[in-house]
>>> print(open('structure.txt').read())   # compact mmCIF, C-alpha atoms
# COMPACT_ATOMS: atom_id res chain seq x y z
CA MET A 767 -0.07 -32.63 7.42
CA SER A 768 -0.33 -28.98 8.40
CA CYS A 769 3.09 -28.25 6.94
CA GLY A 770 2.15 -30.00 3.68
CA LEU A 771 -1.11 -28.09 3.36
CA LEU A 772 0.73 -24.82 3.89
CA TRP A 773 3.27 -25.73 1.21
CA ILE A 774 0.45 -26.49 -1.22
CA GLY A 775 -1.07 -23.10 -0.47
CA LEU A 776 2.32 -21.46 -0.98
CA LEU A 777 2.82 -23.17 -4.35
CA VAL A 778 -0.62 -21.97 -5.44
CA LYS A 779 0.11 -18.34 -4.49
CA LEU A 780 3.77 -18.20 -5.55
CA PRO A 781 3.18 -17.55 -9.28
CA ALA A 782 1.07 -14.49 -8.48
CA LEU A 783 3.84 -13.18 -6.22
CA ILE A 784 6.42 -13.59 -8.97
CA ARG A 785 4.24 -11.68 -11.43
CA HIS A 786 3.26 -8.93 -8.98
CA TRP A 787 6.12 -8.67 -6.52
CA SER A 788 5.39 -5.00 -5.78
CA GLU A 789 2.00 -5.80 -4.16
CA ALA A 790 2.44 -5.75 -0.40
CA SER A 791 -0.61 -7.92 0.25
CA LEU A 792 0.76 -10.72 -1.94
CA ARG A 793 4.09 -10.59 -0.15
CA ALA A 794 2.30 -10.77 3.20
CA ILE A 795 0.13 -13.72 2.10
CA ASN A 796 3.12 -15.71 0.89
CA GLY A 797 4.98 -14.76 4.06
CA VAL A 798 2.15 -16.11 6.20
CA LEU A 799 2.12 -19.42 4.34
CA ALA A 800 5.90 -19.82 4.25
CA LEU A 801 6.51 -18.87 7.88
CA ALA A 802 3.61 -20.96 9.16
CA SER A 803 5.08 -23.99 7.38
CA LEU A 804 8.47 -23.29 8.98
CA CYS A 805 6.82 -23.30 12.42
CA PHE A 806 5.69 -26.90 11.92
CA LEU A 807 8.89 -27.93 10.14
CA PHE A 808 11.23 -26.64 12.85
CA GLY A 809 8.96 -27.77 15.68
CA ALA A 810 8.63 -31.42 14.66
CA PRO A 811 10.62 -33.70 17.03
CA ALA A 812 12.51 -35.29 14.10
CA SER A 813 13.51 -31.83 12.84
CA VAL A 814 14.52 -30.76 16.33
CA ARG A 815 16.85 -33.73 16.61
CA LEU A 816 18.36 -33.08 13.16
CA ILE A 817 18.88 -29.34 13.71
CA ASN A 818 20.50 -29.86 17.09
CA ARG A 819 22.75 -32.63 15.80
CA VAL A 820 23.87 -30.80 12.64
CA SER A 821 24.48 -27.49 14.42
CA GLY A 822 26.14 -29.01 17.47
CA VAL A 823 24.18 -26.59 19.66
CA PRO A 824 21.77 -28.26 22.11
CA ASN A 825 18.22 -26.96 21.62
CA LEU A 826 19.07 -24.58 18.75
CA ALA A 827 15.82 -25.74 17.16
CA ALA A 828 13.89 -24.02 19.98
CA PRO A 829 14.81 -20.40 19.17
CA LEU A 830 14.49 -21.17 15.45
CA THR A 831 10.96 -22.43 16.02
CA TYR A 832 10.11 -19.49 18.26
CA ALA A 833 11.52 -17.06 15.70
CA SER A 834 9.42 -18.59 12.91
CA ILE A 835 6.30 -18.44 15.11
CA THR A 836 7.02 -14.79 15.90
CA ALA A 837 7.67 -13.91 12.25
CA TYR A 838 4.47 -15.75 11.24
CA SER A 839 2.53 -13.76 13.82
CA ALA A 840 3.86 -10.51 12.39
CA ALA A 841 3.14 -11.58 8.79
CA LEU A 842 -0.46 -12.40 9.71
CA LEU A 843 -0.94 -8.94 11.17
CA LEU A 844 0.63 -7.31 8.12
CA MET A 845 -1.52 -9.35 5.74
CA ILE A 846 -4.80 -8.33 7.39
CA ALA A 847 -3.64 -4.71 7.59
CA CYS A 848 -2.80 -4.75 3.86
CA TRP A 849 -6.20 -6.23 3.02
CA ARG A 850 -7.93 -3.54 5.05
CA GLY A 851 -5.84 -0.68 3.66
CA GLY A 852 -6.64 2.87 4.72
CA PRO A 853 -4.61 6.02 5.27
CA SER A 854 -2.80 4.63 8.31
CA LEU A 855 -1.67 1.43 6.55
CA ARG A 856 2.01 2.38 6.29
CA ARG A 857 2.22 3.54 9.90
CA THR A 858 0.44 0.43 11.17
CA THR A 859 2.55 -2.03 9.19
CA LEU A 860 5.81 -0.32 10.15
CA SER A 861 4.85 -0.34 13.83
CA TRP A 862 4.12 -4.06 13.82
CA ALA A 863 7.22 -4.83 11.74
CA TYR A 864 9.53 -2.89 14.08
CA GLY A 865 7.88 -4.37 17.18
CA TYR A 866 8.22 -7.97 16.05
CA THR A 867 11.75 -7.38 14.77
CA ALA A 868 12.60 -6.36 18.31
CA VAL A 869 10.98 -9.56 19.60
CA LEU A 870 13.11 -11.63 17.20
CA ALA A 871 16.25 -9.89 18.41
CA GLY A 872 15.16 -10.49 22.02
CA ILE A 873 14.71 -14.21 21.41
CA ALA A 874 18.22 -14.48 19.96
CA VAL A 875 19.85 -12.49 22.79
CA LEU A 876 18.02 -14.34 25.57
CA PHE A 877 18.93 -17.74 24.14
CA VAL A 878 22.61 -16.76 24.00
CA LEU A 879 22.51 -15.48 27.57
CA GLY A 880 20.71 -18.53 28.95
CA ASP A 881 21.92 -22.04 29.63
CA ALA A 882 19.93 -24.76 27.87
CA GLY A 883 22.48 -27.53 27.69
CA GLU A 884 20.13 -30.53 27.92
CA GLU A 885 18.26 -31.30 24.73
CA ARG A 886 14.46 -31.27 25.05
CA ARG A 887 12.57 -32.15 21.88
CA SER A 888 8.96 -31.67 22.96
CA ASP A 889 8.81 -30.04 26.40
CA PHE A 890 11.44 -27.32 26.11
CA ASP A 891 9.04 -24.59 27.28
CA THR A 892 8.03 -26.21 30.54
CA TYR A 893 11.37 -27.88 31.27
CA TYR A 894 13.25 -24.56 31.14
CA ALA A 895 10.39 -22.47 32.55
CA THR A 896 12.44 -21.65 35.66
CA THR A 897 15.83 -21.24 33.95
CA PRO A 898 17.13 -17.65 33.94
CA TRP A 899 16.97 -15.92 30.55
CA ILE A 900 15.47 -18.99 28.87
CA SER A 901 12.20 -18.58 30.74
CA GLU A 902 12.09 -14.93 29.66
CA MET A 903 12.64 -16.02 26.06
CA VAL A 904 9.77 -18.50 26.28
CA VAL A 905 7.40 -15.92 27.78
CA LEU A 906 8.47 -13.31 25.20
CA TYR A 907 7.59 -15.42 22.17
CA LEU A 908 4.37 -16.74 23.71
CA VAL A 909 3.15 -13.24 24.59
CA ALA A 910 4.09 -12.03 21.10
CA HIS A 911 2.16 -14.91 19.55
CA VAL A 912 -0.98 -14.54 21.66
CA THR A 913 -0.95 -10.78 21.02
CA ALA A 914 -0.73 -11.27 17.28
CA VAL A 915 -3.45 -13.91 17.03
CA THR A 916 -5.75 -11.92 19.34
CA VAL A 917 -5.38 -8.74 17.31
CA SER A 918 -5.73 -10.70 14.06
CA ALA A 919 -8.88 -12.40 15.33
CA VAL A 920 -10.43 -9.10 16.42
CA TRP A 921 -9.57 -7.40 13.13
CA SER A 922 -10.81 -10.30 10.99
CA LEU A 923 -14.07 -10.94 12.84
CA ARG A 924 -14.93 -7.25 13.28
CA TRP A 925 -14.24 -6.51 9.63
CA GLY A 926 -16.08 -9.63 8.51
CA PHE A 927 -19.29 -8.42 10.13
CA GLU A 928 -19.14 -4.90 8.70
CA ALA A 929 -21.81 -3.93 6.18
CA GLU A 930 -19.36 -3.14 3.37
CA VAL A 931 -18.01 -6.70 3.41
CA ARG A 932 -21.43 -8.36 3.25
CA GLU A 933 -21.57 -7.55 -0.46
CA ARG A 934 -18.25 -9.40 -0.98
CA PRO A 935 -19.10 -12.94 0.17
CA TRP A 936 -15.72 -14.50 -0.58
CA LEU A 937 -13.83 -11.86 1.36
CA ARG A 938 -16.26 -12.18 4.25
CA ALA A 939 -15.89 -15.97 4.31
CA SER A 940 -12.12 -15.53 4.23
CA LEU A 941 -12.10 -13.10 7.14
CA LEU A 942 -14.41 -15.22 9.27
CA THR A 943 -12.36 -18.35 8.57
CA ILE A 944 -9.11 -16.59 9.42
CA GLY A 945 -10.74 -15.22 12.56
CA ALA A 946 -11.81 -18.71 13.64
CA GLY A 947 -8.34 -20.07 12.84
CA THR A 948 -6.57 -17.41 14.87
CA VAL A 949 -8.91 -17.91 17.82
CA ILE A 950 -8.07 -21.63 17.81
CA SER A 951 -4.37 -20.85 17.33
CA SER A 952 -4.42 -18.75 20.47
CA GLY A 953 -4.93 -22.02 22.37
CA TYR A 954 -1.32 -22.88 21.49
CA SER A 955 0.26 -19.97 23.36
CA ILE A 956 -2.38 -19.76 26.11
CA SER A 957 -2.00 -23.43 27.08
CA LYS A 958 1.79 -23.14 27.07
CA LEU A 959 1.66 -19.98 29.18
CA ILE A 960 -0.55 -21.75 31.72
CA ALA A 961 1.89 -24.68 31.85
CA VAL A 962 4.84 -22.29 32.32
CA VAL A 963 3.09 -20.39 35.11
CA ALA A 964 2.24 -23.72 36.75
CA ARG A 965 5.95 -24.58 36.76
CA TRP A 966 6.69 -21.26 38.46
CA THR A 967 4.33 -22.28 41.27
CA GLY A 968 5.89 -25.73 41.64
CA ARG A 969 3.27 -27.68 39.68
CA ASP A 970 4.06 -29.94 36.75
CA TRP A 971 1.47 -29.48 34.01
CA ALA A 972 3.79 -30.53 31.21
CA VAL A 973 0.98 -32.38 29.43
CA LEU A 974 -0.84 -29.09 29.01
CA GLY A 975 2.26 -27.68 27.36
CA THR A 976 2.92 -30.63 25.04
CA SER A 977 -0.39 -32.30 24.07
CA LEU A 978 -2.90 -29.48 23.56
CA PRO A 979 -0.70 -26.89 21.76
CA PRO A 980 0.03 -29.02 18.66
CA LEU A 981 -3.69 -29.67 18.18
CA CYS A 982 -4.54 -25.98 18.43
CA ALA A 983 -1.65 -25.00 16.17
CA GLY A 984 -2.47 -27.62 13.54
CA LEU A 985 -6.20 -26.91 13.32
CA GLY A 986 -5.62 -23.18 13.49
CA ALA A 987 -3.09 -23.36 10.65
CA VAL A 988 -5.47 -25.36 8.46
CA LEU A 989 -8.27 -22.83 8.94
CA THR A 990 -5.89 -19.92 8.43
CA VAL A 991 -4.52 -21.24 5.15
CA VAL A 992 -8.05 -21.98 3.94
CA GLY A 993 -9.03 -18.42 4.81
CA VAL A 994 -6.00 -16.98 3.04
CA LEU A 995 -6.74 -18.95 -0.14
CA LEU A 996 -10.52 -18.41 -0.16
CA PRO A 997 -10.45 -15.06 -2.04
CA MET A 998 -8.35 -16.58 -4.83
CA VAL A 999 -10.53 -19.69 -5.03
CA GLY A 1000 -13.63 -17.50 -5.00
CA HIS A 1001 -12.21 -15.34 -7.77
CA HIS A 1002 -11.67 -18.35 -10.02
CA LEU A 1003 -15.06 -19.85 -9.20
CA SER A 1004 -16.73 -16.52 -9.97
CA ALA A 1005 -14.77 -16.27 -13.22
CA TRP A 1006 -15.90 -19.77 -14.28
CA ARG A 1007 -19.48 -18.93 -13.35
CA ASP A 1008 -19.29 -15.76 -15.44
CA PHE A 1009 -17.74 -17.70 -18.33
CA PHE A 1010 -20.84 -19.88 -18.59
CA ARG A 1011 -23.39 -17.19 -17.77
CA LEU A 1012 -21.95 -14.78 -20.35
CA ALA A 1013 -22.32 -17.35 -23.14
CA PRO A 1014 -25.73 -16.05 -24.40
CA LEU A 1015 -24.41 -12.50 -24.78
CA ASP A 1016 -21.28 -13.84 -26.45
CA ALA A 1017 -23.51 -15.70 -28.94
CA VAL A 1018 -25.47 -12.54 -29.74
CA LEU A 1019 -22.24 -10.68 -30.49
CA ASP A 1020 -20.77 -13.57 -32.47
CA PRO A 1021 -21.64 -12.17 -35.95
CA VAL A 1022 -19.70 -8.99 -35.21
CA LEU A 1023 -16.85 -10.81 -33.53
CA THR A 1024 -16.52 -13.26 -36.43
CA GLU A 1025 -16.92 -10.77 -39.28
CA ARG A 1026 -14.36 -8.34 -37.83
CA ALA A 1027 -12.00 -11.03 -36.51
CA LEU A 1028 -12.31 -9.76 -32.94
CA ARG A 1029 -12.52 -13.17 -31.31
CA VAL A 1030 -9.12 -14.32 -30.13
CA GLU A 1031 -8.29 -17.94 -29.45
CA ARG A 1032 -9.43 -19.25 -26.10
CA PRO A 1033 -6.49 -19.58 -23.68
CA ARG A 1034 -5.47 -23.06 -22.63
CA SER A 1035 -5.66 -22.33 -18.93
CA PRO A 1036 -9.26 -22.63 -17.65
CA PHE A 1037 -8.36 -20.05 -15.01
CA LEU A 1038 -8.34 -17.43 -17.79
CA TRP A 1039 -11.55 -18.41 -19.56
CA GLY A 1040 -13.74 -15.99 -17.65
CA THR A 1041 -11.43 -13.06 -18.42
CA TRP A 1042 -11.17 -14.19 -22.04
CA ARG A 1043 -14.94 -14.19 -22.56
CA TRP A 1044 -15.36 -10.91 -20.71
CA SER A 1045 -12.69 -9.19 -22.87
CA THR A 1046 -14.15 -10.73 -26.04
CA ILE A 1047 -17.56 -9.27 -25.21
CA HIS A 1048 -15.88 -5.92 -24.60
CA ASN A 1049 -14.40 -6.09 -28.10
CA GLY A 1050 -17.83 -6.72 -29.57
CA LEU A 1051 -19.51 -3.94 -27.60
CA HIS A 1052 -16.79 -1.50 -28.62
CA ALA A 1053 -17.23 -2.43 -32.29
CA ILE A 1054 -20.94 -1.48 -32.30
CA GLU A 1055 -20.82 1.44 -29.88
CA THR A 1056 -22.00 3.93 -32.56
CA LEU A 1057 -25.04 1.82 -33.48
CA TYR A 1058 -26.94 1.80 -30.18
CA ASP A 1059 -30.48 3.12 -30.60
CA ALA A 1060 -31.69 5.26 -27.71
CA THR A 1061 -35.30 5.03 -28.89
CA LEU A 1062 -35.25 1.25 -28.74
CA TYR A 1063 -33.50 1.27 -25.37
CA ASP A 1064 -36.01 3.70 -23.80
CA ALA A 1065 -39.02 1.89 -25.23
CA THR A 1066 -37.86 -1.51 -24.04
CA LEU A 1067 -36.88 -0.12 -20.65
CA ASP A 1068 -40.32 1.46 -20.14
CA THR A 1069 -42.13 -1.71 -21.21
CA GLU A 1070 -40.08 -4.02 -19.01
CA LEU A 1071 -40.20 -1.65 -16.06
CA ALA A 1072 -43.99 -1.45 -16.27
CA ARG A 1073 -44.20 -5.23 -16.51
CA THR A 1074 -41.75 -6.22 -13.75
CA GLY A 1075 -41.23 -3.12 -11.58
CA ASP A 1076 -37.57 -4.14 -11.31
CA TRP A 1077 -35.25 -1.46 -12.69
CA ALA A 1078 -32.15 -3.70 -12.87
CA ARG A 1079 -34.06 -6.43 -14.72
CA ALA A 1080 -35.67 -3.88 -17.05
CA SER A 1081 -32.36 -2.18 -17.79
CA SER A 1082 -30.71 -5.52 -18.56
CA ALA A 1083 -33.55 -6.46 -20.92
CA ALA A 1084 -33.33 -3.07 -22.62
CA TRP A 1085 -29.60 -3.44 -23.15
CA ALA A 1086 -30.05 -6.98 -24.46
CA ALA A 1087 -32.52 -5.71 -27.09
CA THR A 1088 -30.39 -2.69 -27.95
CA ILE A 1089 -27.19 -4.72 -28.34
CA ALA A 1090 -28.93 -7.35 -30.48
CA ALA A 1091 -30.41 -4.65 -32.72
CA ALA A 1092 -27.01 -2.97 -33.06
CA VAL A 1093 -25.44 -6.29 -34.06
CA ARG A 1094 -28.10 -6.79 -36.72
CA ARG A 1095 -27.63 -3.23 -37.97
CA SER A 1096 -23.89 -3.76 -38.27
CA THR A 1097 -24.18 -6.97 -40.32
CA GLU A 1098 -27.25 -6.33 -42.50
CA PRO A 1099 -28.06 -3.44 -44.81
CA PRO A 1100 -30.82 -1.41 -43.14
CA SER A 1101 -34.19 -1.81 -44.87
CA GLU A 1102 -35.62 1.30 -43.24
CA PRO A 1103 -34.23 4.46 -41.65
CA ALA A 1104 -32.66 3.70 -38.31
CA GLY A 1105 -33.23 5.71 -35.21
CA ALA A 1106 -30.80 8.51 -34.47
CA PRO A 1107 -27.61 7.22 -32.90
CA ALA A 1108 -27.14 8.21 -29.30
CA ARG A 1109 -24.20 8.36 -26.97
CA LEU A 1110 -25.25 5.24 -25.13
CA SER A 1111 -22.72 3.13 -23.35
CA PRO A 1112 -23.65 -0.25 -21.89
CA PRO A 1113 -22.17 -1.21 -18.53
CA ARG A 1114 -18.86 -3.02 -18.87
CA ASP A 1115 -18.42 -4.62 -15.45
CA ALA A 1116 -18.80 -8.39 -15.26
CA ALA A 1117 -21.80 -8.32 -12.90
CA SER A 1118 -23.84 -6.06 -15.21
CA LEU A 1119 -22.88 -8.01 -18.32
CA VAL A 1120 -23.99 -11.22 -16.61
CA LEU A 1121 -27.41 -9.66 -15.99
CA ILE A 1122 -27.65 -8.67 -19.66
CA ALA A 1123 -26.68 -12.22 -20.68
CA ASP A 1124 -29.36 -13.55 -18.34
CA ALA A 1125 -31.90 -11.30 -20.06
CA VAL A 1126 -30.83 -12.72 -23.43
CA LYS A 1127 -31.23 -16.24 -22.08
CA ARG A 1128 -34.65 -15.55 -20.57
CA THR A 1129 -36.09 -14.27 -23.81
CA GLY A 1130 -34.16 -16.53 -26.15
CA ARG A 1131 -31.32 -15.71 -28.49
CA GLU A 1132 -33.57 -16.18 -31.54
CA THR A 1133 -35.94 -13.50 -30.29
CA TRP A 1134 -33.16 -10.96 -29.96
CA ALA A 1135 -31.80 -11.88 -33.39
CA VAL A 1136 -35.06 -10.74 -35.05
CA GLU A 1137 -35.63 -7.79 -32.78
CA PRO A 1138 -38.19 -5.36 -34.30
CA ARG A 1139 -37.13 -1.95 -35.38
CA PRO A 1140 -37.57 1.05 -32.97
CA ALA A 1141 -41.06 1.85 -34.29
CA GLU A 1142 -42.25 -1.59 -33.13
CA ALA A 1143 -40.30 -1.64 -29.87
CA ARG A 1144 -43.44 -1.37 -27.70
CA SER A 1145 -44.36 -4.94 -28.60
CA VAL A 1146 -41.19 -6.36 -27.00
>>> encode(input="structure.txt", output="structure tokens")
Amino acid sequence: MSCGLLWIGLLVKLPALIRHWSEASLRAINGVLALASLCFLFGAPASVRLINRVSGVPNLAAPLTYASITAYSAALLLMIACWRGGPSLRRTTLSWAYGYTAVLAGIAVLFVLGDAGEERRSDFDTYYATTPWISEMVVLYLVAHVTAVTVSAVWSLRWGFEAEVRERPWLRASLLTIGAGTVISSGYSISKLIAVVARWTGRDWAVLGTSLPPLCAGLGAVLTVVGVLLPMVGHHLSAWRDFFRLAPLDAVLDPVLTERALRVERPRSPFLWGTWRWSTIHNGLHAIETLYDATLYDATLDTELARTGDWARASSAAWAATIAAAVRRSTEPPSEPAGAPARLSPPRDAASLVLIADAVKRTGRETWAVEPRPAEARSV
């Protein structure tokens, strides 16, 4: 189930990677999903039996599984580092990449040097915990894994509680979910390390090394993949929300968009509807940018500010009135001298446009369509 969920996540993210291969964060995200799925694929008892039988090497599945776990650990660190960015990003990512490449080489060398001739499909770690070279290989990959998930958990949770992230709810939810997933995943390597140490002291705690780790790894992987995909899901949900909330402003601009053939056909993919409406509104605003009336804007802003005391709400209402008046001026011959044009420029970001659309909706599209001329603006 964990492997299947990770493959679904990988299929969802793969198109973006193909389109934007140069983005390091996308490569890291897809690496996390792909390598995490390999961990479960190689570690399943049926896969272990198949790999060992096809290769003719007893327990070859063990170093393959350990290598995929190690590579996954490194990819997780690189992904969080890429998300965080900063001037030391390149140095940090290179350090982790070189370190875990050395761990991968160590796993391969130690397996070749050791003697693991008896196939063990589920308790390899504890069974060979006292075997020269093999025990070192087991400890090496477990320490590498617990180090990676610990650092990832600290980075994710610390960053998730910083003030700058509180204004980005989807990123914060992603970081906190990844942090919880990595904390749970640490139970995989910690429980196995305890079982290995117990074997060194003559105790047999094999159950601790075979029963608990899969549960921790499976639940941790589910939470991690959910956290990785949350920003993308949040982006699409926000885009759909904006698509519907921008509809009133789109309707106000419709005369200009229709008359000047600025409205392009809606894309088939619903994932692009939000961007389509946002860009359509941009086309309309650009078409009437010389018709904005500063007198009307200032008058409406003052009136709304005095009434509500909320500058953002007042500014949105003022822009709604100004845009509606500019649309009317562009489609109807003026019956009276218009106010002097001003170098006004409405905000173009989606959040501000949504507030303007909300102002249109609050007052009613019909009201904006018959907006009084600047001399009467105080009655708005």
>>> closest_residue(input="structure.txt", among="A:Ala1083, A:Asp1115, A:Glu885, A:Ala840", to="Leu816 (chain A)", atoms="only C-alpha atoms")
A:Glu885
>>> closest_residue(input="structure.txt", among="A:Leu1051, A:Ala961, A:Leu772, A:Ala914", to="Ala837 (chain A)", atoms="all atoms listed in the file")
A:Ala914
>>> atom_distance(input="structure.txt", atom1="CA of Trp849 (chain A)", atom2="CA of Glu933 (chain A)")
15.8 Å
>>> axis_aligned_box(input="structure.txt", around="region 956-973 of chain A", padding_each_side="5 Å", output="lines of an AutoDock Vina configuration file")
center_x = 2.2
center_y = -26.1
center_z = 33.9
size_x = 19.1
size_y = 22.6
size_z = 25.5
>>> atom_distance(input="structure.txt", atom1="CA of Ile944 (chain A)", atom2="CA of Leu996 (chain A)")
9.9 Å
>>> closest_residue(input="structure.txt", among="A:Thr1056, A:Ser1082, A:Thr1066, A:Ser952", to="Ala1123 (chain A)", atoms="only C-alpha atoms")
A:Ser1082
>>> atom_distance(input="structure.txt", atom1="CA of Arg934 (chain A)", atom2="CA of Asp1076 (chain A)")
22.5 Å
>>> closest_residue(input="structure.txt", among="A:Leu826, A:Leu876, A:Ala1053, A:Ala1090", to="Val1018 (chain A)", atoms="all atoms listed in the file")
A:Ala1090
>>> residues_around(input="structure.txt", residues="Pro811 (chain A)", least_positions_apart="6", cutoff="10 Å", atoms="only C-alpha atoms", output="PDB file with C-alpha atoms, keeping the file's coordinate frame")
ATOM      1  CA  ILE A 817      18.880 -29.340  13.710  1.00  0.00           C
ATOM      2  CA  ALA A 827      15.820 -25.740  17.160  1.00  0.00           C
ATOM      3  CA  ARG A 886      14.460 -31.270  25.050  1.00  0.00           C
ATOM      4  CA  ARG A 887      12.570 -32.150  21.880  1.00  0.00           C
ATOM      5  CA  SER A 888       8.960 -31.670  22.960  1.00  0.00           C
TER       6      SER A 888
END
>>> residues_around(input="structure.txt", residues="Val949 (chain A)", least_positions_apart="3", cutoff="7 Å", atoms="only C-alpha atoms", output="PDB file with C-alpha atoms, in the frame of the given file")
ATOM      1  CA  VAL A 915      -3.450 -13.910  17.030  1.00  0.00           C
ATOM      2  CA  THR A 916      -5.750 -11.920  19.340  1.00  0.00           C
ATOM      3  CA  ALA A 919      -8.880 -12.400  15.330  1.00  0.00           C
ATOM      4  CA  GLY A 945     -10.740 -15.220  12.560  1.00  0.00           C
ATOM      5  CA  ALA A 946     -11.810 -18.710  13.640  1.00  0.00           C
ATOM      6  CA  SER A 952      -4.420 -18.750  20.470  1.00  0.00           C
TER       7      SER A 952
END
>>> closest_residue(input="structure.txt", among="A:Leu783, A:Leu1019, A:Ala1117, A:Leu1028", to="Ala1086 (chain A)", atoms="all atoms listed in the file")
A:Leu1019
